[in-house]
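Reviewing the structure listed below.
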Amino acid sequence: MKQFSLAQLAEMLGAELRGDAQKKILGLATLQEASADQLSFLANAHYRKQLASTQAGAMLLSAKDAADYRGNCLIVADPYLAYAKLSHFFDRTPKQPAGIHPSAVIAESALVDSTACIGPGVVIDEEAVIAAGVSIGAHCVIGARSRIGEQGRLAPRVTLYHDVTIGARVVIQSGAVLGGEGFGFAKHQGQWHKIAQIGGVTIGDDVEIGANTCIDRGALADTLIGNGVKLDNQIQIAHNVQIGDNTAIAACVGISGSAKIGRNCMLAGGVGLVGHIDICDDVFITGMTMVTHSITEPGAYSSGTAMQPAAEWKKSAVRFRQLDDMAKRIRGLEKHTQK
């Protein structure tokens, strides 16, 4: 079991230590669940009332919140960032040794660095390239000519089709599919004719891709995901989408083909984007918003209606259907009063 003294943790963070420097910390926990040998943090004012009753052995606090706290604490400018940094020291994810499992199937023309870890049942196709320090979990499939950059980590059951290029330090969770065929068909005389998707997928450095997320290959050019992009679970990214650096997208977002999303954007859960639109840099789109046209100015955007009691919502829905008739009547009244 990993353990650190508060003095060690303070040094790791460059934090101000107040209290017992030799106090041993065995793990991290929430304010409500922390025990005497665990460290917790306060990053949201909504939970400040729990600070008085927490059983945590020590706290990560801002200077403002530490002023009235009498227990052991590490004082930092950003407690949530400090928690994020410390989480890696307590991470219990198993570290896999370098080597190729006997059950892996690797094409002769594939290049696999000697420091890579290739798990059971992995299939690596012709001319694929696996760089130094890469870890590929059980039953992953790496298609022909696909490339995985240094220190990449694929959880079990990730599928990369052919011609998928992944940068350095990319993390891909189980069930993700990169490079599947985009949804492309031409309709003629009532029948659909398939369009071959001949582009690929290019993923930048330091990207994280959640479980069961799908990124389709391009119809002609590649689908592009920039550096530092963070994708949650169950996201659908259609062919030829472009996502700028450091954009974060929450679960169940659907992005239609050829949409372009700028840098440093945030899309909350369930957002939908129609195809062939542009979203500029520094845009925040709230949950369940349907984006039907381009956004050219940074800022926050929403659509739809917020939750309310069902009886009130039904009344609002009726009024919404009456808006067109009301608008016509208002125009009529305006014309009448202007005479």
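As shown in the structure tokens, the chain order sets the letters A, B, ...; within each chain, residues go from 1, and ligands are also counted from 1 in the order they appear.
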* **Contacts of Asp68 in chain A within 12 Å, only C-alpha atoms, excl. fewer than 6 positions in-chain, as a list of chain:residue names** =>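 Residues near the query, excluding close chain neighbours: A:Arg48, A:Leu51, A:Ala52, A:Leu61, A:Ser62.
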Export of the given selection (C-alpha atoms) as a short mmCIF file (atom, residue, chain, number, x, y, z; two decimals), in the first residue's frame:
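So the final result, stored in selection-v1.cif, reads:
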data_model
loop_
_atom_site.label_atom_id
_atom_site.label_comp_id
_atom_site.auth_asym_id
_atom_site.auth_seq_id
_atom_site.Cartn_x
_atom_site.Cartn_y
_atom_site.Cartn_z
CA ARG A 48 -17.96 23.89 2.30
CA LEU A 51 -15.60 20.79 6.11
CA ALA A 52 -16.58 21.07 9.79
CA LEU A 61 -7.52 23.89 0.88
CA SER A 62 -7.25 27.37 -0.55
#
* To do: List every residue of range 51-275 of chain A that DSSP, applied to the backbone, labels as strand (DSSP E or B), and write the result as a ChimeraX atom specification.
  => /A:58-61,73-75,99-100,105-106,111-112,117-118,123-124,129-130,135-136,141-142,147-148,153-154,159-160,164-166,171-172,177-180,185-188,191-194,201-203,208-209,214-216,223-225,230-231,236-237,242-243,248-249,254-255,260-261,266-267,272-273
Go ahead and save the residues from that selection, with C-alpha atoms, as a short mmCIF file (atom, residue, chain, number, x, y, z; two decimals), in the first residue's frame.
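Written out: selection37.cif:
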data_model
loop_
_atom_site.label_atom_id
_atom_site.label_comp_id
_atom_site.auth_asym_id
_atom_site.auth_seq_id
_atom_site.Cartn_x
_atom_site.Cartn_y
_atom_site.Cartn_z
CA ALA A 58 -5.73 16.20 6.21
CA MET A 59 -7.20 18.60 3.66
CA LEU A 60 -6.19 20.35 0.46
CA LEU A 61 -7.52 23.89 0.88
CA CYS A 73 -3.98 20.92 5.77
CA LEU A 74 -1.97 21.68 2.66
CA ILE A 75 -2.68 25.21 1.44
CA GLY A 99 6.98 -7.77 -23.91
CA ILE A 100 4.66 -9.56 -26.31
CA VAL A 105 -0.78 -12.13 -33.60
CA ILE A 106 1.62 -9.66 -35.21
CA LEU A 111 7.21 -2.65 -36.26
CA VAL A 112 6.85 -3.06 -32.49
CA CYS A 117 3.69 -4.17 -23.89
CA ILE A 118 1.43 -6.24 -26.14
CA VAL A 123 -3.84 -8.44 -33.40
CA ILE A 124 -1.45 -6.07 -35.17
CA VAL A 129 4.01 0.87 -36.06
CA ILE A 130 4.00 0.66 -32.25
CA SER A 135 0.82 -0.53 -23.70
CA ILE A 136 -1.86 -2.39 -25.65
CA VAL A 141 -6.95 -4.81 -32.94
CA ILE A 142 -4.50 -2.49 -34.70
CA ARG A 147 0.62 4.07 -35.86
CA ILE A 148 0.64 4.55 -32.08
CA ARG A 153 -2.05 3.28 -23.59
CA LEU A 154 -4.91 1.25 -25.03
CA THR A 159 -10.19 -1.26 -32.27
CA LEU A 160 -8.11 0.83 -34.66
CA VAL A 164 -5.21 5.56 -38.00
CA THR A 165 -2.38 7.75 -36.70
CA ILE A 166 -2.17 8.38 -32.96
CA VAL A 171 -5.04 7.07 -23.63
CA ILE A 172 -7.93 5.13 -25.20
CA VAL A 177 -13.46 2.35 -32.24
CA LEU A 178 -11.28 4.64 -34.34
CA GLY A 179 -11.37 4.64 -38.11
CA GLY A 180 -14.69 2.89 -38.71
CA PHE A 185 -24.28 7.12 -49.08
CA ALA A 186 -25.57 8.65 -52.32
CA LYS A 187 -29.28 8.26 -53.09
CA HIS A 188 -30.35 7.47 -56.64
CA GLN A 191 -31.78 3.43 -53.46
CA TRP A 192 -28.70 4.17 -51.37
CA HIS A 193 -25.26 3.71 -52.95
CA LYS A 194 -22.31 3.33 -50.60
CA VAL A 201 -8.05 9.39 -38.65
CA THR A 202 -5.29 11.52 -37.12
CA ILE A 203 -5.13 11.97 -33.34
CA GLU A 208 -7.82 10.91 -23.96
CA ILE A 209 -10.69 8.96 -25.52
CA CYS A 214 -16.42 6.20 -32.04
CA ILE A 215 -14.36 8.36 -34.38
CA ASP A 216 -15.14 7.71 -38.05
CA THR A 223 -10.83 13.14 -39.46
CA LEU A 224 -8.64 15.33 -37.18
CA ILE A 225 -8.45 15.46 -33.38
CA LYS A 230 -10.38 15.11 -23.91
CA LEU A 231 -13.29 12.93 -25.03
CA GLN A 236 -19.95 9.86 -31.87
CA ILE A 237 -17.59 11.83 -34.12
CA GLN A 242 -12.06 18.57 -36.95
CA ILE A 243 -11.60 19.27 -33.23
CA ALA A 248 -13.16 18.84 -23.88
CA ILE A 249 -16.34 16.96 -24.81
CA GLY A 254 -23.01 13.56 -31.37
CA ILE A 255 -21.04 15.50 -33.99
CA LYS A 260 -15.26 22.00 -37.23
CA ILE A 261 -14.81 22.76 -33.53
CA MET A 266 -16.24 22.67 -23.91
CA LEU A 267 -19.28 20.65 -24.97
CA GLY A 272 -25.68 17.61 -30.87
CA LEU A 273 -24.05 19.35 -33.83
#
* What is the CA of Arg331 in chain A-CA of Lys314 in chain A distance in Å, reported with one decimal? ->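 Going from CA of Arg331 in chain A over to CA of Lys314 in chain A covers 26.4 Å.
Of the residues under consideration (A:Ala176, A:Ala84, A:Ala131, A:Cys280), A:Cys280 shows the shortest atom-to-atom contact distance to Thr296 in chain A when counting only C-alpha atoms.
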* Which neighbours of Ala43 in chain A fall inside 8 Å, counting only C-alpha atoms, when residues of the same chain fewer than 4 positions from it are skipped, and could you give them as a list in words? ->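 So, after excluding close chain neighbours, the residues are Leu61, Asp78, Pro79 and Tyr80 of chain A.
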Those same residues, written as a JSON list (two decimals), in the first residue's frame with N, CA, C and O atoms?
[["chain", "number", "residue", "atom", "x", "y", "z"],
["A", 61, "LEU", "N", -6.64, 22.73, 0.77],
["A", 61, "LEU", "CA", -7.52, 23.89, 0.88],
["A", 61, "LEU", "C", -6.87, 25.13, 0.27],
["A", 61, "LEU", "O", -5.64, 25.25, 0.22],
["A", 78, "ASP", "N", -4.97, 26.19, -5.98],
["A", 78, "ASP", "CA", -6.07, 25.50, -6.66],
["A", 78, "ASP", "C", -6.18, 24.08, -6.11],
["A", 78, "ASP", "O", -5.47, 23.17, -6.58],
["A", 79, "PRO", "N", -7.05, 23.85, -5.13],
["A", 79, "PRO", "CA", -7.15, 22.52, -4.53],
["A", 79, "PRO", "C", -7.51, 21.41, -5.52],
["A", 79, "PRO", "O", -7.04, 20.28, -5.38],
["A", 80, "TYR", "N", -8.35, 21.71, -6.49],
["A", 80, "TYR", "CA", -8.75, 20.67, -7.43],
["A", 80, "TYR", "C", -7.58, 20.25, -8.31],
["A", 80, "TYR", "O", -7.37, 19.06, -8.58]]
* Straight-line distance linking CA of Ser114 in chain A with CA of Ala132 in chain A, stated in Å to one decimal ->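 Taking CA of Ser114 in chain A as the start and CA of Ala132 in chain A as the end point, the length is 7.2 Å.
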* Asked: Quick one: of A:Thr247, A:Gln55, A:Gln197, A:Thr93, who's nearest to Ile285 in chain A, counting only C-alpha atoms?
  ->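 Of all the options, A:Thr247 lies closest to Ile285 in chain A.
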* To do: Could you tell me how far CA of Ala310 in chain A lies from CA of Gly269 in chain A, in Å and to one decimal?
  =>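 Here the two named atoms are 22.3 Å from each other.
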* Asked: Leaving out Thr292 in chain A and any residue of its chain fewer than 4 positions from it, which residues lie within 12 Å of it when counting only C-alpha atoms, given as a PyMOL selection string?
  -> chain A and resi 255-256+259+271-279+301-303
Selection to disk with C-alpha atoms, as a compact mmCIF listing (two decimals), in the first residue's frame:
# COMPACT_ATOMS: atom_id res chain seq x y z
CA ILE A 255 -21.04 15.50 -33.99
CA SER A 256 -22.17 15.26 -37.61
CA ALA A 259 -18.25 19.99 -38.47
CA VAL A 271 -24.93 18.13 -27.18
CA GLY A 272 -25.68 17.61 -30.87
CA LEU A 273 -24.05 19.35 -33.83
CA VAL A 274 -25.33 19.30 -37.39
CA GLY A 275 -22.81 18.82 -40.16
CA HIS A 276 -20.73 21.36 -42.09
CA ILE A 277 -20.76 24.08 -39.41
CA ASP A 278 -17.89 25.89 -37.69
CA ILE A 279 -17.53 26.53 -33.95
CA TYR A 301 -24.57 28.89 -25.74
CA SER A 302 -27.71 26.92 -24.85
CA SER A 303 -30.91 25.66 -26.42
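For Ala34 in chain A, the residues within 8 Å (counting only C-alpha atoms, excluding itself and residues fewer than 4 positions away along the chain) are Leu28, Ala29, Thr30, Gln38, Leu39, Ser40, Thr54, Gln55, Ala56 and Gly57 of chain A.
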Print the selection's residues with C-alpha atoms to a file, as a short mmCIF file (atom, residue, chain, number, x, y, z; two decimals), in the first residue's frame.
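Output file result31.cif is given in full below:
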data_model
loop_
_atom_site.label_atom_id
_atom_site.label_comp_id
_atom_site.auth_asym_id
_atom_site.auth_seq_id
_atom_site.Cartn_x
_atom_site.Cartn_y
_atom_site.Cartn_z
CA LEU A 28 -7.61 10.09 -1.17
CA ALA A 29 -11.34 10.35 -0.51
CA THR A 30 -14.31 12.72 -0.56
CA GLN A 38 -6.88 9.84 4.01
CA LEU A 39 -6.53 13.24 2.35
CA SER A 40 -9.53 15.13 1.01
CA THR A 54 -15.15 15.63 7.80
CA GLN A 55 -13.05 12.86 9.36
CA ALA A 56 -10.21 13.37 6.86
CA GLY A 57 -6.71 13.17 8.28
#
* Which polymer residues have any atom within 10 Å of an atom of Gln22 in chain A, counting only C-alpha atoms, with same-chain residues fewer than 6 positions away left out, as a ChimeraX atom specification? -> /A:4-8
Generate the output file for the selected residues, N, CA and C atoms, as a short mmCIF file (atom, residue, chain, number, x, y, z; two decimals), in the first residue's frame.
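Result written to again11.cif:
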data_model
loop_
_atom_site.label_atom_id
_atom_site.label_comp_id
_atom_site.auth_asym_id
_atom_site.auth_seq_id
_atom_site.Cartn_x
_atom_site.Cartn_y
_atom_site.Cartn_z
N PHE A 4 2.36 8.28 2.11
CA PHE A 4 3.23 9.44 2.06
C PHE A 4 2.97 10.28 3.31
N SER A 5 4.00 10.93 3.79
CA SER A 5 3.81 11.88 4.88
C SER A 5 3.28 13.19 4.29
N LEU A 6 2.65 13.99 5.15
CA LEU A 6 2.18 15.30 4.68
C LEU A 6 3.35 16.15 4.20
N ALA A 7 4.51 16.00 4.83
CA ALA A 7 5.69 16.75 4.39
C ALA A 7 6.06 16.38 2.96
N GLN A 8 6.01 15.08 2.64
CA GLN A 8 6.31 14.64 1.27
C GLN A 8 5.30 15.19 0.27
#
